[in-house]
Amino acid sequence: MADETKTMNMIEAINSAMDVMLERDSNVVVMGEDVGFFGGVFRATAGLQKKHGKTRVFDTPINECGIIGVAVGMGAYGLRPVPEIQFADYIYPGLDQLVSEAARLRYRSAADFICPMTVRTPFGGGIFGGQTHSQSPESIMTHICGVKTVIPSNPYDAKGLLIAAIEDNDPVVFLEPKRIYNGPFSGYYDRPVEPWSKHAASAVPEGHYRIELGKAATVREGEALTILVYGTMVHVTKTIVEEMGIDAEIIDLRTLLPLDIDAIETSVKKTGRCLVIHEATRTSGFGAELAALVQERCFYHLEAPVERVTGFDTPYPHSLEWAYFPGPVRIATALTKILKD
Amino acid sequence: MPETDRRPASNLPPLSLHIPEPRYRPGDTPDFGDIVVPGVDATPRPSEATKPDAMRDLCYGLVRVLDFDGQAKGQWDPKLSPERLRTMLRYMMLVRAFDDRMFRAQRQGKTSFYMKCTGEEATSVASTMALDRGDMCFPSYRQQGILIARDYPLIQMMNQIYSNRGDHLMGRQLPIMYSAPEHGFFSVSGNLATQYPQAVGWAMASASKGDSRIATVWCGEGSSAEGDFHSALTFATVYNAPVIFNVVNNQWAISSFSGFAGGERTTFAARAVGYGIAGLRIDGNDPLAVYAATQWAADRARTNNGPTLIEHFTYRSEGHSTSDDPTAYRPAEEPTIWPFGDPIARLRQHLETLGEWDGERHETQRAELDGLVKTTQKQSEKLGILGHGMHQPFETMFDDVFEELPWHLKEQCVQMLAEQEAKFGPGWKPE
C-alpha cells in the first residue's frame with residue numbers, strides 16, 4: 001500500500017497523513033475550527049469526518065485555549081489528539097496551555113502523564129493575509145522546552161513528517177507553510193504559480209511512511225556556501241540560486257527542534273560560508289540561533305560572517321506584503337555579499 | 001494638567017470607577033451577619049436529569065444537609081452509614097494532621113513551601129468519596145484531601161514535599177504539586193485553572209470511547225476569572241462532557257477577596273447559567289452537602305445528562321501558603337466567626353448526635369493520626385529533606401523534557417556535570 005504513489009499537493013498529503021493515522025490508530029482524533037463537516041478552511045481535513053466519524057474528526061468552539069487544553073486532557077486519557085489551529089496567528093490564546101502544560105507535563109510528572117499531541121497550523125505570508133494571517137512564530141515554539149517544531153516544504157515530506165509527529169509521544173507543533181499548499185513558490189509573486197504536480201516531491205505514497213523528526217534534507221549539493229532554510233523559503237532560495245548560477249548547498253532543516261546539527265556542521269565546514277534565510281521577523285528569530293550555532297561550531301572554517309535574510313521587524317503589512325517578504329532581491333543581495341567577503 | 005486629568009465640558013454626571021474593597025480589614029470587627037443561611041429544607045433536590053434552565057434557583061441558594069444542631073435533614077441527605085461517616089471523619093482529620101505537621105516542617109526549614117486546606121477539608125474529601133474510584137480528578141493545589149481519601153501513601157506525599165530520594169517526581173516540582181495516576185489524580189500544575197479544559201478533554205475522551213468514567217476538576221473562586229475556566233465551560237456545554245466543575249469559593253485568593261473575581265455581583269455557581277449547564281451552590285463546610293452534591297453531579301454526568309458546576313461556599317481559615325500572612329489584609333478573627341463553622345467539628349457533632357461517636361473516640365483517633373503522620377514523617381526524612389540539599393542524580397535534570405534526549409540536551413548535561421565536578425570534586429553525588 002505504501003508503495004503505491006499518487007500525485008498530491010501539500011494539502012492532499014497532509015490530509016492523507018491524517019487519514020492514514022485515523023485508520024491505523026483508534027486513539028487519533030482530529031479537531032479544530034471548521035475541520036469537521038466543512039473539512040477546514042484550507043481543506044486539509046476534507047472528507048475525514050465523513051470517513052472516520054464525528055467523534056474522531058470534529059469542529060470546536062473558537063477558543064484556542066480550549067482546543068489545546070482539551071487536547072492535553074485527551075492525551076492524559078490516552079488519546080493522540082491532532083488539533084488544528086486555523087492560522088498560526090491564532091495560537092497565542094492557547095500558548096499557556098502549550099508552554100506551561102503540554103510541554104511540561106512529561107517533565108513535571110516524571111512521565112506519569114505525557115502529551116502525544118500534534119498541533120497543526122498554517123503559517124507564513126505571501127497570501128495577502130495581513131498581519132493576523134501571515135505570521136511565522138516558529139522561534140516562539142523553539143524557545144519552549146518540551147515541544148518539537150516541524151516545518152515541511154513539500155508534499156512528500158509533509159506526509160511523512162506529519163505521521164512521525166502524530167506517532168511521537170511528545171507534543172509537536174507542525175507548522176504548515178500555507179503559501180506552498182498548492183504549489184512551490186519561486187519568490188516571484190508576479191509570475192504564474194507552478195503546481196505541485198510538476199515537482200518530484202508530489203509523488204506521495206498512499207499508505208503509511210515516516211520521515212524521522214530531527215533530520216534535515218539536502219535540497220541541492222554545492223561547494224560555494226551553505227544556505228540553511230525551511231518551509232516556503234526553500235523554494236524561493238532554490239530559484240534564486242539557480243538563476244544566479246551559484247553552487248550553493250541548500251539544506252532544508254525540516255525539523256527546527258530537535259535540529260539536525262550534524263548536517264549543518266558538516267555542510268558549513270565544507271563550504272566555509274553560511275547564509276540563513278527565513279520569512280519570520282529578524283530579531284530573536286530562529287536565524288539568530290542558527291547563526292550562533294554555526295559560529296560556535298564552525299568559526300575556524302568560516303571565510304565570511306554568517307548572513308541572515310529575514311522578514312523585517314514589523315507586523316506583516318497587507319498591501320506592502322511583497323516589500324516585506326524576503327524575496328529575490330534581498331536574497332540575491334545577501335548572496336552577492338557573502339560570496340564577495 | 002495632564003490631558004487624562006482634564007474633565008471634558010459636559011452636563012453629564014461624572015462616571016466613577018468601582019474598585020472592589022472587602023468590608024473588613026485588620027483592626028475592624030468583622031460581622032458575617034448578612035450572609036444568608038437558608039434552612040436545610042429550603043433547597044429541593046431535583047432529579048439528576050433536570051434541565052439546567054429548570055433548576056437555576058440552585059445557583060443562588062445553598063444546598064445544606066447538616067443543621068447546626070448536628071442533624072442531617074432534607075432531600076439532599078445522602079443517608080450514609082455510620083461506618084461511612086466515620087471513614088469520612090477519619091480522612092478529614094488525617095488531612096488536618098498532615099497539614100499541621102507539614103506546615104511545621106516548612107517552618108523548621110525542612111522544605112521550601114507548603115499549603116494547608118484547613119476549613120476546606122470537606123470540599124475534597126467528601127467530594128472524592130462520592131466519586132467512583134476510576135473517576136479522574138484534576139486538582140488545583142489545595143486538594144490533598146483527594147489523595148488521602150483514595151488512600152495514597154502518606155510517605156509518597158511527604159517524599160514529594162521534601163524533594164527527597166523517594167520523590168518519584170525527581171524533585172522537579174514545588175512541594176504539594178503531586179502526581180498520582182494510579183489514584184486518578186492528575187499532575188498539579190501551579191498555573192491556575194489550566195486543569196479546567198484538560199478535565200473537559202479527559203471527559204470528552206472517556207465519552208468518545210464509551211467509557212463509564214467521568215472527570216472532576218477543582219479551582220478557587222479567584223482563578224475562575226481565568227480564561228481557561230470559561231474555555232472549559234464552553235467546551236463542556238458544547239460537547240455535553242461528563243465532568244464536574246468544583247469552584248472552591250474560600251473567599252480569598254491570596255490577599256484578593258472574592259470581589260475581584262466578580263463575587264460582589266452574583267454567585268460563582270451562577271456562572272453555569274450563561275453556559276446552560278447545571279449549577280449548585282452548596283455549604284462547603286458541610287461534608288454531607290458536598291457528598292450529596294457530588295453524587296448528584298456524578299450521576300448526572302454518568303447518565304449523559306451533562307456537566308455540573310458546584311460552588312463550595314467555604315472559608316480559607318489559614319494563609320494562602322507558608323509564604324503568606326493573612327493578618328496583613330484581613331481581620332484575624334474572621335475564620336473563627338465563619339457562620340458555617342468547621343467541617344470536621346460538624347461531622348463529629350453529627351456522629352455524636354447519632355450516638356456513633358464520642359469525645360473519647362475522637363481524641364483517641366486524633367492522637368492515633370498524629371502518631372501515624374509523625375511516624376511516616378520520620379520514615380520520609382530518612383530519605384532526605386530539601387533543607388539538606390539535593391537528592392537526585394544531577395543528570396536527571398534533563399530526563400523527561402522529551403521521551404528521548406536530543407543532542408542539545410546531551411551537550412548541556414555534559415556541561416552541567418562538569419560544572420558540578422568543578423564545584424564538588426570528582427565522584428561527588430547528591431544523596
# chains A, B, ... in the order shown; residues from 1 in each chain; ligands from 1

$ residues_around --residues "Gln86 in chain A" --least-positions-apart "6" --cutoff "12 Å" --atoms "only C-alpha atoms" --output "PyMOL selection string"
chain A and resi 31-35+39-45+59-64+67+92+119-123+132-134+175-176+178

$ write_last_selection --atoms "N, CA and C atoms" --output "compact mmCIF listing (two decimals), in the first residue's frame"
# COMPACT_ATOMS: atom_id res chain seq x y z
N MET A 31 -9.30 17.63 15.48
CA MET A 31 -10.32 18.62 15.86
C MET A 31 -9.81 20.02 15.61
N GLY A 32 -10.74 20.94 15.51
CA GLY A 32 -10.37 22.33 15.29
C GLY A 32 -11.54 23.09 14.69
N GLU A 33 -11.32 24.38 14.53
CA GLU A 33 -12.39 25.23 14.00
C GLU A 33 -12.64 24.88 12.53
N ASP A 34 -13.84 24.53 12.19
CA ASP A 34 -14.27 24.25 10.81
C ASP A 34 -13.66 23.00 10.19
N VAL A 35 -13.05 22.12 10.99
CA VAL A 35 -12.37 20.96 10.39
C VAL A 35 -13.31 19.79 10.10
N GLY A 39 -14.45 20.50 6.46
CA GLY A 39 -13.15 19.99 6.03
C GLY A 39 -12.01 20.97 6.13
N GLY A 40 -12.22 22.06 6.89
CA GLY A 40 -11.13 23.01 7.11
C GLY A 40 -11.11 24.12 6.10
N VAL A 41 -10.70 25.31 6.55
CA VAL A 41 -10.70 26.46 5.64
C VAL A 41 -9.69 26.27 4.50
N PHE A 42 -8.67 25.45 4.74
CA PHE A 42 -7.72 25.14 3.66
C PHE A 42 -7.96 23.75 3.08
N ARG A 43 -9.03 23.09 3.53
CA ARG A 43 -9.44 21.76 3.03
C ARG A 43 -8.53 20.62 3.51
N ALA A 44 -7.72 20.88 4.52
CA ALA A 44 -6.76 19.86 4.96
C ALA A 44 -7.45 18.64 5.57
N THR A 45 -8.68 18.83 6.06
CA THR A 45 -9.38 17.70 6.68
C THR A 45 -10.61 17.27 5.85
N ASP A 59 -15.61 19.60 14.75
CA ASP A 59 -15.46 21.04 14.92
C ASP A 59 -15.31 21.39 16.40
N THR A 60 -14.67 22.52 16.66
CA THR A 60 -14.54 23.01 18.04
C THR A 60 -15.03 24.44 18.13
N PRO A 61 -15.30 24.89 19.36
CA PRO A 61 -15.56 26.32 19.54
C PRO A 61 -14.33 27.15 19.12
N ILE A 62 -14.56 28.41 18.87
CA ILE A 62 -13.46 29.31 18.50
C ILE A 62 -12.76 29.71 19.79
N ASN A 63 -11.85 28.85 20.22
CA ASN A 63 -11.27 29.02 21.54
C ASN A 63 -9.97 28.20 21.59
N GLU A 64 -8.87 28.84 21.26
CA GLU A 64 -7.60 28.11 21.13
C GLU A 64 -7.10 27.59 22.46
N ILE A 67 -9.02 24.50 22.80
CA ILE A 67 -8.61 23.45 21.86
C ILE A 67 -7.35 22.75 22.37
N TYR A 92 -1.87 32.20 19.92
CA TYR A 92 -1.49 32.87 21.18
C TYR A 92 -2.48 32.67 22.33
N VAL A 119 0.00 19.71 17.17
CA VAL A 119 -0.76 20.91 16.81
C VAL A 119 -0.39 21.30 15.38
N ARG A 120 -1.34 21.13 14.48
CA ARG A 120 -1.13 21.56 13.09
C ARG A 120 -1.58 23.00 12.95
N THR A 121 -0.78 23.79 12.23
CA THR A 121 -1.25 25.15 12.00
C THR A 121 -0.57 25.77 10.79
N PRO A 122 -1.37 26.37 9.88
CA PRO A 122 -0.79 27.04 8.72
C PRO A 122 -0.11 28.34 9.16
N PHE A 123 1.05 28.64 8.57
CA PHE A 123 1.77 29.85 8.97
C PHE A 123 2.39 30.49 7.73
N THR A 132 -2.69 39.36 10.65
CA THR A 132 -3.22 38.29 11.51
C THR A 132 -3.41 36.96 10.77
N HIS A 133 -2.88 36.87 9.56
CA HIS A 133 -2.96 35.59 8.84
C HIS A 133 -1.65 35.30 8.12
N SER A 134 -0.54 35.86 8.61
CA SER A 134 0.71 35.76 7.86
C SER A 134 1.94 35.49 8.72
N LEU A 175 4.10 23.23 11.72
CA LEU A 175 3.81 24.49 11.03
C LEU A 175 3.78 24.25 9.52
N GLU A 176 2.63 24.56 8.93
CA GLU A 176 2.45 24.29 7.50
C GLU A 176 2.57 25.59 6.71
N LYS A 178 1.65 27.88 4.35
CA LYS A 178 0.43 27.86 3.54
C LYS A 178 0.62 28.43 2.15

$ interface_residues --of "chain A" --to "chain B" --cutoff "10 Å" --atoms "only C-alpha atoms" --output "PyMOL selection string"
chain A and resi 26-27+29+54-56+60-79+81+93-94+96-97+100-101+103-114+145-148+168-171+214+257-262

$ select_by_dssp --residues "range 398-429 of chain B" --states "helix (DSSP H, G or I)" --output "list in words"
Phe398, Trp407, His408, Leu409, Lys410, Glu411, Gln412, Cys413, Val414, Gln415, Met416, Leu417, Ala418, Glu419, Gln420, Glu421, Ala422, Lys423 and Phe424 of chain B

$ write_last_selection --atoms "N, CA and C atoms" --output "short mmCIF file (atom, residue, chain, number, x, y, z; two decimals), in the first residue's frame"
data_model
loop_
_atom_site.label_atom_id
_atom_site.label_comp_id
_atom_site.auth_asym_id
_atom_site.auth_seq_id
_atom_site.Cartn_x
_atom_site.Cartn_y
_atom_site.Cartn_z
N PHE B 398 17.76 16.50 33.13
CA PHE B 398 17.49 16.54 31.69
C PHE B 398 16.51 15.46 31.23
N TRP B 407 20.25 15.87 21.10
CA TRP B 407 21.69 16.18 21.21
C TRP B 407 21.96 17.42 22.04
N HIS B 408 21.09 18.42 21.90
CA HIS B 408 21.43 19.67 22.61
C HIS B 408 21.29 19.50 24.12
N LEU B 409 20.36 18.65 24.55
CA LEU B 409 20.26 18.41 25.99
C LEU B 409 21.40 17.51 26.48
N LYS B 410 21.83 16.59 25.61
CA LYS B 410 23.01 15.78 25.98
C LYS B 410 24.22 16.68 26.21
N GLU B 411 24.41 17.63 25.31
CA GLU B 411 25.55 18.55 25.44
C GLU B 411 25.44 19.38 26.71
N GLN B 412 24.23 19.86 26.97
CA GLN B 412 24.05 20.70 28.16
C GLN B 412 24.24 19.88 29.44
N CYS B 413 23.89 18.61 29.36
CA CYS B 413 24.06 17.73 30.52
C CYS B 413 25.56 17.53 30.81
N VAL B 414 26.34 17.35 29.76
CA VAL B 414 27.79 17.20 29.94
C VAL B 414 28.37 18.47 30.59
N GLN B 415 27.90 19.60 30.13
CA GLN B 415 28.36 20.88 30.70
C GLN B 415 28.02 20.97 32.18
N MET B 416 26.78 20.64 32.50
CA MET B 416 26.33 20.74 33.90
C MET B 416 27.12 19.79 34.80
N LEU B 417 27.38 18.57 34.30
CA LEU B 417 28.13 17.61 35.12
C LEU B 417 29.55 18.11 35.36
N ALA B 418 30.13 18.76 34.35
CA ALA B 418 31.47 19.32 34.51
C ALA B 418 31.46 20.45 35.54
N GLU B 419 30.42 21.26 35.51
CA GLU B 419 30.30 22.35 36.50
C GLU B 419 30.21 21.78 37.91
N GLN B 420 29.43 20.71 38.07
CA GLN B 420 29.26 20.13 39.41
C GLN B 420 30.56 19.50 39.88
N GLU B 421 31.28 18.91 38.93
CA GLU B 421 32.56 18.30 39.31
C GLU B 421 33.55 19.39 39.73
N ALA B 422 33.52 20.51 39.01
CA ALA B 422 34.41 21.62 39.37
C ALA B 422 34.07 22.15 40.76
N LYS B 423 32.79 22.11 41.10
CA LYS B 423 32.37 22.66 42.39
C LYS B 423 32.59 21.68 43.54
N PHE B 424 32.19 20.41 43.31
CA PHE B 424 32.20 19.45 44.42
C PHE B 424 33.36 18.47 44.36
#

$ select_by_dssp --residues "range 201-429 of chain B" --states "strand (DSSP E or B)" --output "VMD selection string"
chain B and resid 215 to 220 243 to 249 252 to 253 256 to 257 278 to 283 308 to 313

$ closest_residue --among "A:Glu265, A:Glu223, A:Asp313, A:Glu23" --to "Glu249 in chain A" --atoms "only C-alpha atoms"
A:Glu223

$ residues_around --residues "Asp99 in chain B" --least-positions-apart "2" --cutoff "10 Å" --atoms "only C-alpha atoms" --output "JSON, numbers by chain"
{"B": [93, 94, 95, 96, 97, 101, 102, 103, 104, 105, 114, 115, 116, 117, 118, 144, 373]}

$ write_last_selection --atoms "C-alpha atoms" --output "PDB file, in the first residue's frame"
ATOM      1  CA  MET B  93      -8.836  14.500  60.429  1.00  0.00           C
ATOM      2  CA  LEU B  94      -5.892  12.878  58.674  1.00  0.00           C
ATOM      3  CA  VAL B  95      -5.729  15.747  56.193  1.00  0.00           C
ATOM      4  CA  ARG B  96      -5.650  18.224  59.070  1.00  0.00           C
ATOM      5  CA  ALA B  97      -3.000  16.279  60.982  1.00  0.00           C
ATOM      6  CA  ARG B 101       2.804  18.550  60.501  1.00  0.00           C
ATOM      7  CA  MET B 102       3.943  19.633  57.055  1.00  0.00           C
ATOM      8  CA  PHE B 103       3.345  23.304  57.791  1.00  0.00           C
ATOM      9  CA  ARG B 104       5.574  22.910  60.804  1.00  0.00           C
ATOM     10  CA  ALA B 105       8.182  21.054  58.727  1.00  0.00           C
ATOM     11  CA  TYR B 114       3.531  24.161  51.953  1.00  0.00           C
ATOM     12  CA  MET B 115      -0.195  24.841  51.544  1.00  0.00           C
ATOM     13  CA  LYS B 116      -2.825  23.865  54.090  1.00  0.00           C
ATOM     14  CA  CYS B 117      -6.504  23.362  53.343  1.00  0.00           C
ATOM     15  CA  THR B 118      -7.765  23.999  56.863  1.00  0.00           C
ATOM     16  CA  GLN B 144      -4.608  16.949  49.188  1.00  0.00           C
ATOM     17  CA  VAL B 373       1.792  11.248  60.492  1.00  0.00           C
TER      18      VAL B 373
END
